[in-house]
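*Asks:* Pasting final_38.txt below, which is compact mmCIF, C-alpha atoms.
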```
# COMPACT_ATOMS: atom_id res chain seq x y z
CA MET S 826 106.23 84.11 109.72
CA ALA S 827 107.13 87.76 109.22
CA LYS S 828 104.39 90.18 108.32
CA LYS S 829 104.72 91.97 105.02
CA LEU S 830 104.24 95.59 104.00
CA ALA S 831 103.88 96.87 100.45
CA LEU S 832 104.07 100.59 99.71
CA ILE S 833 103.68 102.62 96.57
CA ALA S 834 105.64 105.89 96.66
CA SER S 835 104.25 108.19 93.97
CA LYS S 836 105.36 111.63 95.16
CA GLY S 837 108.80 113.19 95.04
CA THR S 838 108.65 116.35 97.13
CA LEU S 839 110.57 116.76 100.39
CA ASP S 840 107.44 116.52 102.55
CA TRP S 841 105.93 113.53 100.75
CA ALA S 842 109.24 111.69 100.74
CA TYR S 843 108.82 111.13 104.47
CA PRO S 844 105.80 108.82 104.80
CA PRO S 845 107.15 105.93 102.69
CA PHE S 846 110.63 105.99 104.25
CA ILE S 847 109.34 106.45 107.82
CA LEU S 848 106.80 103.65 107.49
CA ALA S 849 109.19 101.33 105.69
CA SER S 850 112.08 101.78 108.15
CA THR S 851 109.77 101.44 111.15
CA ALA S 852 108.06 98.35 109.75
CA ALA S 853 111.48 96.82 109.14
CA ALA S 854 112.35 97.55 112.78
CA LEU S 855 109.18 95.68 113.70
CA ASP S 856 110.43 92.70 111.67
CA TYR S 857 108.18 93.21 108.66
CA GLU S 858 109.40 92.29 105.22
CA VAL S 859 109.03 95.54 103.30
CA SER S 860 108.93 96.45 99.63
CA ILE S 861 108.39 99.90 98.18
CA PHE S 862 107.40 100.44 94.57
CA PHE S 863 108.56 103.87 93.37
CA THR S 864 106.53 105.23 90.50
CA PHE S 865 106.07 108.53 88.69
CA TYR S 866 107.43 111.42 90.79
CA GLY S 867 108.26 109.02 93.60
CA LEU S 868 111.00 107.58 91.43
CA THR S 869 113.04 110.72 92.14
CA LEU S 870 113.56 109.38 95.68
CA LEU S 871 115.83 106.65 94.32
CA LYS S 872 118.22 109.04 92.62
CA LYS S 873 121.82 109.02 93.87
CA ASP S 874 121.58 112.64 94.95
CA ILE S 875 118.40 113.49 96.83
CA SER S 876 119.78 116.50 98.67
CA ASP S 877 117.81 118.86 96.43
CA LEU S 878 114.26 117.65 97.17
CA LYS S 879 111.89 120.61 97.40
CA VAL S 880 108.62 121.48 99.05
CA SER S 881 106.16 123.99 97.63
CA PRO S 882 103.46 125.94 99.44
CA LEU S 883 101.82 126.59 96.05
CA GLY S 884 98.46 124.87 95.93
CA ASN S 885 98.94 123.68 99.49
CA PRO S 886 97.02 126.05 101.78
CA ALA S 887 97.54 123.67 104.71
CA MET S 888 101.28 124.29 104.83
CA PRO S 889 102.13 126.40 107.88
CA MET S 890 103.91 129.61 106.81
CA PRO S 891 105.51 132.22 109.08
CA VAL S 892 103.63 135.00 107.30
CA SER S 893 100.28 134.41 105.71
CA MET S 894 100.47 134.95 101.98
CA PRO S 895 97.80 134.75 99.30
CA ASN S 896 98.21 131.46 97.46
CA LEU S 897 98.72 133.26 94.15
CA MET S 898 101.80 135.04 95.58
CA GLN S 899 103.43 131.70 96.21
CA MET S 900 104.16 131.33 92.53
CA LEU S 901 106.71 134.16 92.80
CA PRO S 902 110.36 133.26 92.28
CA GLY S 903 112.09 132.39 95.52
CA VAL S 904 109.03 131.35 97.49
CA GLU S 905 109.59 127.66 96.85
CA SER S 906 113.26 127.74 97.76
CA MET S 907 112.46 129.78 100.87
CA ALA S 908 109.80 127.27 101.93
CA THR S 909 112.25 124.41 101.30
CA MET S 910 114.97 126.11 103.31
CA MET S 911 112.58 126.72 106.19
CA MET S 912 111.37 123.14 106.12
CA LYS S 913 114.93 121.78 106.17
CA GLN S 914 115.78 124.05 109.09
CA LYS S 915 112.72 122.82 111.01
CA ILE S 916 113.61 119.21 110.24
CA ALA S 917 117.09 119.73 111.68
CA ASP S 918 115.85 121.72 114.71
CA LYS S 919 113.27 119.12 115.70
CA GLY S 920 115.54 116.11 115.45
CA VAL S 921 113.65 114.69 112.49
CA ALA S 922 115.74 112.38 110.33
CA SER S 923 116.83 113.48 106.87
CA ILE S 924 115.46 111.58 103.88
CA GLN S 925 118.99 110.40 103.08
CA GLU S 926 119.31 108.95 106.57
CA LEU S 927 115.94 107.19 106.44
CA ARG S 928 116.69 105.75 103.01
CA GLU S 929 120.05 104.50 104.29
CA ILE S 930 118.35 102.79 107.25
CA CYS S 931 115.82 101.22 104.88
CA LEU S 932 118.65 99.78 102.79
CA GLU S 933 120.54 98.57 105.86
CA SER S 934 117.46 96.81 107.17
CA GLY S 935 116.73 95.01 103.93
CA VAL S 936 113.81 97.03 102.58
CA LYS S 937 113.37 96.22 98.89
CA LEU S 938 113.29 99.31 96.69
CA ILE S 939 111.71 98.77 93.31
CA ALA S 940 111.88 101.34 90.52
CA CYS S 941 109.07 101.54 87.99
CA GLN S 942 110.46 100.65 84.57
CA MET S 943 107.75 102.53 82.71
CA THR S 944 108.45 105.78 84.60
CA MET S 945 112.16 105.44 83.85
CA ASP S 946 111.35 105.20 80.14
CA LEU S 947 108.75 107.95 80.30
CA PHE S 948 111.09 110.51 81.83
CA ASP S 949 114.24 109.28 80.06
CA PHE S 950 115.93 108.43 83.34
CA LYS S 951 119.14 106.42 83.06
CA ARG S 952 119.96 103.48 85.33
CA GLU S 953 123.17 105.18 86.44
CA GLU S 954 121.24 108.14 87.89
CA PHE S 955 119.89 105.81 90.57
CA ILE S 956 121.48 104.15 93.59
CA ASP S 957 122.81 100.63 93.03
CA ASP S 958 120.59 98.75 95.48
CA ILE S 959 117.34 98.83 93.56
CA GLU S 960 115.35 96.40 91.50
CA ILE S 961 113.52 97.48 88.38
CA GLY S 962 110.07 96.20 87.59
CA GLY S 963 106.53 96.91 86.54
CA ALA S 964 102.99 96.67 87.90
CA ALA S 965 103.07 92.88 87.88
CA THR S 966 106.22 92.98 90.03
CA PHE S 967 104.35 95.14 92.54
CA PHE S 968 101.50 92.63 92.78
CA GLU S 969 103.94 89.78 93.23
CA PHE S 970 104.67 91.06 96.74
CA ALA S 971 101.56 93.21 97.32
CA GLY S 972 99.31 90.19 96.82
CA GLU S 973 100.84 88.42 99.77
CA SER S 974 101.29 91.50 102.00
CA ASP S 975 99.44 92.19 105.23
CA VAL S 976 99.46 95.95 104.71
CA ASN S 977 99.33 97.82 101.39
CA LEU S 978 99.52 101.61 101.18
CA PHE S 979 99.52 104.07 98.31
CA ILE S 980 101.40 107.26 99.11
CA MET I 915 118.33 98.99 137.41
CA GLU I 916 121.37 97.44 135.79
CA PHE I 917 121.76 97.38 132.05
CA ASP I 918 124.21 96.11 129.45
CA LYS I 919 123.93 99.00 127.02
CA GLU I 920 122.53 102.52 127.08
CA LEU I 921 121.09 104.40 124.11
CA ASP I 922 120.84 108.17 124.20
CA ALA I 923 117.92 109.04 121.93
CA ARG I 924 117.39 112.51 123.37
CA GLY I 925 116.56 115.19 120.82
CA LEU I 926 115.54 112.63 118.21
CA ASN I 927 112.08 112.58 116.73
CA CYS I 928 109.87 109.78 115.40
CA PRO I 929 110.82 107.24 114.14
CA LEU I 930 114.53 107.64 115.01
CA PRO I 931 114.35 106.51 118.67
CA ILE I 932 112.77 103.21 117.58
CA LEU I 933 115.18 102.76 114.67
CA ARG I 934 118.22 103.42 116.87
CA CYS I 935 116.78 101.11 119.53
CA LYS I 936 116.43 98.32 116.98
CA LYS I 937 120.07 98.81 115.99
CA SER I 938 121.24 98.77 119.62
CA LEU I 939 119.28 95.60 120.36
CA ALA I 940 120.99 93.91 117.43
CA GLU I 941 124.32 94.45 119.20
CA LEU I 942 123.13 92.66 122.35
CA GLN I 943 122.80 88.99 123.21
CA PRO I 944 119.36 87.52 124.01
CA GLY I 945 118.42 88.28 127.61
CA GLN I 946 120.66 91.33 127.86
CA ILE I 947 119.23 94.65 128.99
CA LEU I 948 119.04 97.88 126.99
CA LYS I 949 118.28 101.24 128.54
CA VAL I 950 116.93 103.99 126.26
CA VAL I 951 116.55 107.66 127.16
CA ALA I 952 114.36 109.75 124.83
CA THR I 953 112.71 113.15 124.82
CA ASP I 954 110.09 112.49 122.14
CA PRO I 955 106.72 112.32 123.97
CA GLY I 956 105.45 110.01 121.23
CA SER I 957 108.08 107.46 122.21
CA VAL I 958 106.08 106.42 125.30
CA LYS I 959 103.38 104.78 123.23
CA ASP I 960 105.80 103.78 120.48
CA PHE I 961 108.18 101.81 122.69
CA GLN I 962 105.27 99.90 124.20
CA ALA I 963 104.01 99.14 120.69
CA PHE I 964 107.52 98.19 119.55
CA CYS I 965 108.00 95.71 122.40
CA LYS I 966 104.52 94.27 122.02
CA GLN I 967 105.10 93.57 118.33
CA THR I 968 108.70 92.35 118.46
CA GLY I 969 108.61 90.28 121.66
CA HIS I 970 111.33 92.21 123.50
CA GLU I 971 110.28 92.64 127.11
CA LEU I 972 109.67 96.19 128.35
CA LEU I 973 110.80 95.92 131.95
CA SER I 974 110.06 99.51 132.90
CA HIS I 975 109.27 102.92 131.53
CA GLU I 976 109.22 106.17 133.42
CA ALA I 977 108.99 109.89 132.76
CA ALA I 978 110.89 112.59 134.63
CA ASN I 979 111.96 116.13 133.72
CA GLY I 980 110.85 115.79 130.12
CA GLU I 981 112.87 112.61 129.63
CA PHE I 982 111.47 109.16 129.06
CA THR I 983 113.46 106.15 130.16
CA PHE I 984 112.79 102.66 128.90
CA VAL I 985 114.44 99.48 130.04
CA MET I 986 113.98 96.42 127.89
CA LYS I 987 115.24 92.87 127.76
CA LYS I 988 116.21 91.43 124.40
CA ARG I 989 114.02 88.51 123.38
CA ALA I 990 115.39 85.01 123.44
```
Is it possible to give me this structure as structure tokens?
*Replies:*
Amino acid sequence: MAKKLALIASKGTLDWAYPPFILASTAAALDYEVSIFFTFYGLTLLKKDISDLKVSPLGNPAMPMPVSMPNLMQMLPGVESMATMMMKQKIADKGVASIQELREICLESGVKLIACQMTMDLFDFKREEFIDDIEIGGAATFFEFAGESDVNLFI
Amino acid sequence: MEFDKELDARGLNCPLPILRCKKSLAELQPGQILKVVATDPGSVKDFQAFCKQTGHELLSHEAANGEFTFVMKKRA
């Protein structure tokens, strides 16, 4: 019987979009049955257009920067978009997949994407803002598959 | 070594070589041979782990000039 993986994706920045989609697509390649529950900021990753995901160095002293900059300076206008541009350039240069590509592979390989109903209500998101191939559910829906999974991760 | 299909995964980073490999294997018949060429150093351990977990047989893997070549047989 196939192994099962359950993920919670709770973050919606460009950097944190990677772990759930990398792990889910790889697990699917290893014949796992995979479900991802997208909640709070993670829900953003199910929007139709995810080309504008951003990464911020603010409050993240571990992020490598070309020039060292006091953390307070990183609140200045333009720093976030510069950091995002640099990150996207690095991603392309190093042959790292785009989030769109990884999400597409997840869908092709049958990964179940579940959107948190409560978060949709909380942020006034409309169903039509999201891609078609999702299910919508709540915490009990998560446990329905998490309870019988071999691996459970919160990201 | 003879092969039925070749996958060029050079320049791709984790997990793309594995994901592309999975896709290529799906296009083969059981018992057919897939050759993969990658440049990601992490792929050496990853392809061994992939074959171990999926049951495809890793017939050979070698490294030369910064390229890693894997030959695997699709599981029955």
*Asks:* Between I:Val950, I:Ala923, I:Cys928, I:Cys965, which residue has the minimum interatomic distance to Ser850 in chain S, considering all atoms listed in the file?
*Replies:*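 Closest to Ser850 in chain S of all the choices is I:Cys928.
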*Asks:* Sort by chain and increasing residue number a table of all residues of chain I within 7 Å of chain S, each with its closest pair of atoms and their distance in Å to one decimal, counting all atoms listed in the file, and write it as a tab-separated table.
*Replies:*
```
residue	atom	partner	partner_atom	distance
I:Gly925	CA	S:Gly920	CA	5.5
I:Leu926	CA	S:Gly920	CA	4.4
I:Asn927	CA	S:Val921	CA	5.0
I:Cys928	CA	S:Val921	CA	6.8
I:Pro929	CA	S:Ile847	CA	6.5
I:Leu930	CA	S:Ala922	CA	6.8
I:Leu933	CA	S:Ala854	CA	6.2
I:Lys936	CA	S:Ala854	CA	5.9
I:Phe964	CA	S:Leu855	CA	6.6
I:Gln967	CA	S:Leu855	CA	6.5
I:Thr968	CA	S:Leu855	CA	5.8
```
*Asks:* For the atom pair CA of Lys873 in chain S and CA of Phe955 in chain S, what is the interatomic distance in Å to one decimal place?
*Replies:*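 According to the coordinates, CA of Lys873 in chain S and CA of Phe955 in chain S are separated by 5.0 Å.
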*Asks:* Which residues are near range 942-944 of chain S? Cut-off 7 Å, all atoms listed in the file, ignore same chain within fewer than 3 positions. Put them as number ranges by chain.
*Replies:* S: 864-865, 947-948, 961-963
*Asks:* Quick check, in Å to one decimal: how far apart do CA of Ala952 in chain I and CA of Asp922 in chain I lie?
*Replies:*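 Calculated distance between CA of Ala952 in chain I and CA of Asp922 in chain I is 6.7 Å.
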*Asks:* Quick one: residues within 12 Å of range 886-899 of chain S, all atoms listed in the file, excluding same-chain residues fewer than 6 positions away - as number ranges by chain?
*Replies:* S: 840, 880, 905-909, 911-912, 915
*Asks:* Box along x, y and z, 3 Å on every side, all listed atoms of range 887-890 of chain S inside: centre and edge lengths in Å to one decimal, as JSON.
*Replies:*
```
{"center_x": 100.7, "center_y": 126.6, "center_z": 106.3, "size_x": 12.4, "size_y": 11.9, "size_z": 9.2}
```
*Asks:* Calculated over all atoms listed in the file, which of the candidates I:Lys919, I:Lys988, I:Arg924, I:Lys937 has the smallest distance to Pro955 in chain I?
*Replies:* I:Arg924
*Asks:* Which residue, I:Phe982, I:Ala990, I:Leu921, I:His970, has the smallest gap to Lys949 in chain I when you use only C-alpha atoms?
*Replies:*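 When distances to Lys949 in chain I are compared using only C-alpha atoms, the smallest one comes from I:Leu921.
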*Asks:* When you draw a straight line from CA of Lys937 in chain S to CA of Gln962 in chain I, how long is it in Å?
*Replies:*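 Computing it gives 26.8 Å between the two atoms.
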*Asks:* Considering all atoms listed in the file, state which residue in the set I:Met915, I:Val951, I:Ala940, I:Asp960 is at the smallest distance from Phe984 in chain I.
*Replies:*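 Of the candidates, the smallest distance to Phe984 in chain I is held by I:Val951.
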*Asks:* Calculated over only C-alpha atoms, which of the candidates I:Asp918, I:Asp954, I:Glu981, I:Glu976 has the smallest distance to Glu941 in chain I?
*Replies:* I:Asp918
*Asks:* So which one's closest to Ser974 in chain I, I:Pro944, I:Arg989, I:Pro931, I:Glu916? Using all atoms listed in the file, please.
*Replies:* I:Glu916
*Asks:* Taking the block just given, write range 961-988 of chain I to a file that holds N, CA and C atoms, as a PDB file, in the first residue's frame.
*Replies:*
```
ATOM      1  N   PHE I 961      19.236   9.827  -6.427  1.00  0.00           N
ATOM      2  CA  PHE I 961      18.812   8.773  -7.367  1.00  0.00           C
ATOM      3  C   PHE I 961      18.893   7.398  -6.716  1.00  0.00           C
ATOM      4  N   GLN I 962      19.898   7.216  -5.849  1.00  0.00           N
ATOM      5  CA  GLN I 962      19.965   5.942  -5.121  1.00  0.00           C
ATOM      6  C   GLN I 962      18.741   5.803  -4.217  1.00  0.00           C
ATOM      7  N   ALA I 963      18.392   6.894  -3.529  1.00  0.00           N
ATOM      8  CA  ALA I 963      17.233   6.873  -2.627  1.00  0.00           C
ATOM      9  C   ALA I 963      15.947   6.674  -3.420  1.00  0.00           C
ATOM     10  N   PHE I 964      15.871   7.308  -4.589  1.00  0.00           N
ATOM     11  CA  PHE I 964      14.678   7.188  -5.437  1.00  0.00           C
ATOM     12  C   PHE I 964      14.468   5.728  -5.861  1.00  0.00           C
ATOM     13  N   CYS I 965      15.556   5.102  -6.335  1.00  0.00           N
ATOM     14  CA  CYS I 965      15.441   3.717  -6.809  1.00  0.00           C
ATOM     15  C   CYS I 965      15.121   2.762  -5.662  1.00  0.00           C
ATOM     16  N   LYS I 966      15.762   3.003  -4.527  1.00  0.00           N
ATOM     17  CA  LYS I 966      15.536   2.144  -3.366  1.00  0.00           C
ATOM     18  C   LYS I 966      14.066   2.181  -2.942  1.00  0.00           C
ATOM     19  N   GLN I 967      13.465   3.365  -3.018  1.00  0.00           N
ATOM     20  CA  GLN I 967      12.091   3.504  -2.527  1.00  0.00           C
ATOM     21  C   GLN I 967      11.038   3.128  -3.556  1.00  0.00           C
ATOM     22  N   THR I 968      11.379   3.212  -4.844  1.00  0.00           N
ATOM     23  CA  THR I 968      10.355   2.955  -5.863  1.00  0.00           C
ATOM     24  C   THR I 968      10.483   1.573  -6.497  1.00  0.00           C
ATOM     25  N   GLY I 969      11.639   0.916  -6.301  1.00  0.00           N
ATOM     26  CA  GLY I 969      11.796  -0.427  -6.845  1.00  0.00           C
ATOM     27  C   GLY I 969      12.353  -0.467  -8.264  1.00  0.00           C
ATOM     28  N   HIS I 970      12.642   0.700  -8.852  1.00  0.00           N
ATOM     29  CA  HIS I 970      13.351   0.705 -10.137  1.00  0.00           C
ATOM     30  C   HIS I 970      14.799   0.320  -9.847  1.00  0.00           C
ATOM     31  N   GLU I 971      15.410  -0.404 -10.782  1.00  0.00           N
ATOM     32  CA  GLU I 971      16.748  -0.921 -10.500  1.00  0.00           C
ATOM     33  C   GLU I 971      17.816   0.033 -11.028  1.00  0.00           C
ATOM     34  N   LEU I 972      18.683   0.504 -10.127  1.00  0.00           N
ATOM     35  CA  LEU I 972      19.786   1.379 -10.548  1.00  0.00           C
ATOM     36  C   LEU I 972      20.923   0.477 -11.031  1.00  0.00           C
ATOM     37  N   LEU I 973      21.103   0.431 -12.336  1.00  0.00           N
ATOM     38  CA  LEU I 973      22.089  -0.499 -12.899  1.00  0.00           C
ATOM     39  C   LEU I 973      23.497   0.053 -12.750  1.00  0.00           C
ATOM     40  N   SER I 974      23.644   1.373 -12.895  1.00  0.00           N
ATOM     41  CA  SER I 974      24.973   1.960 -12.725  1.00  0.00           C
ATOM     42  C   SER I 974      24.861   3.448 -12.446  1.00  0.00           C
ATOM     43  N   HIS I 975      25.850   3.974 -11.751  1.00  0.00           N
ATOM     44  CA  HIS I 975      25.957   5.425 -11.656  1.00  0.00           C
ATOM     45  C   HIS I 975      27.417   5.796 -11.632  1.00  0.00           C
ATOM     46  N   GLU I 976      27.762   6.802 -12.404  1.00  0.00           N
ATOM     47  CA  GLU I 976      29.158   7.218 -12.445  1.00  0.00           C
ATOM     48  C   GLU I 976      29.269   8.731 -12.557  1.00  0.00           C
ATOM     49  N   ALA I 977      30.419   9.240 -12.117  1.00  0.00           N
ATOM     50  CA  ALA I 977      30.671  10.674 -12.165  1.00  0.00           C
ATOM     51  C   ALA I 977      31.893  10.934 -13.027  1.00  0.00           C
ATOM     52  N   ALA I 978      31.782  11.913 -13.926  1.00  0.00           N
ATOM     53  CA  ALA I 978      32.931  12.317 -14.736  1.00  0.00           C
ATOM     54  C   ALA I 978      32.724  13.734 -15.217  1.00  0.00           C
ATOM     55  N   ASN I 979      33.749  14.555 -15.095  1.00  0.00           N
ATOM     56  CA  ASN I 979      33.724  15.950 -15.571  1.00  0.00           C
ATOM     57  C   ASN I 979      32.527  16.739 -15.057  1.00  0.00           C
ATOM     58  N   GLY I 980      32.198  16.544 -13.785  1.00  0.00           N
ATOM     59  CA  GLY I 980      31.096  17.303 -13.212  1.00  0.00           C
ATOM     60  C   GLY I 980      29.724  16.833 -13.654  1.00  0.00           C
ATOM     61  N   GLU I 981      29.673  15.717 -14.351  1.00  0.00           N
ATOM     62  CA  GLU I 981      28.373  15.165 -14.757  1.00  0.00           C
ATOM     63  C   GLU I 981      28.158  13.811 -14.099  1.00  0.00           C
ATOM     64  N   PHE I 982      26.914  13.564 -13.747  1.00  0.00           N
ATOM     65  CA  PHE I 982      26.567  12.310 -13.089  1.00  0.00           C
ATOM     66  C   PHE I 982      25.619  11.548 -13.997  1.00  0.00           C
ATOM     67  N   THR I 983      25.986  10.317 -14.287  1.00  0.00           N
ATOM     68  CA  THR I 983      25.189   9.509 -15.204  1.00  0.00           C
ATOM     69  C   THR I 983      24.585   8.321 -14.464  1.00  0.00           C
ATOM     70  N   PHE I 984      23.299   8.182 -14.615  1.00  0.00           N
ATOM     71  CA  PHE I 984      22.587   7.081 -13.955  1.00  0.00           C
ATOM     72  C   PHE I 984      21.893   6.243 -15.029  1.00  0.00           C
ATOM     73  N   VAL I 985      21.983   4.939 -14.863  1.00  0.00           N
ATOM     74  CA  VAL I 985      21.255   4.053 -15.760  1.00  0.00           C
ATOM     75  C   VAL I 985      20.332   3.194 -14.907  1.00  0.00           C
ATOM     76  N   MET I 986      19.052   3.249 -15.221  1.00  0.00           N
ATOM     77  CA  MET I 986      18.119   2.476 -14.403  1.00  0.00           C
ATOM     78  C   MET I 986      17.124   1.719 -15.254  1.00  0.00           C
ATOM     79  N   LYS I 987      16.659   0.622 -14.662  1.00  0.00           N
ATOM     80  CA  LYS I 987      15.723  -0.282 -15.354  1.00  0.00           C
ATOM     81  C   LYS I 987      14.356  -0.111 -14.703  1.00  0.00           C
ATOM     82  N   LYS I 988      13.367   0.148 -15.517  1.00  0.00           N
ATOM     83  CA  LYS I 988      12.019   0.349 -14.966  1.00  0.00           C
ATOM     84  C   LYS I 988      11.504  -0.940 -14.326  1.00  0.00           C
TER      85      LYS I 988
END
```
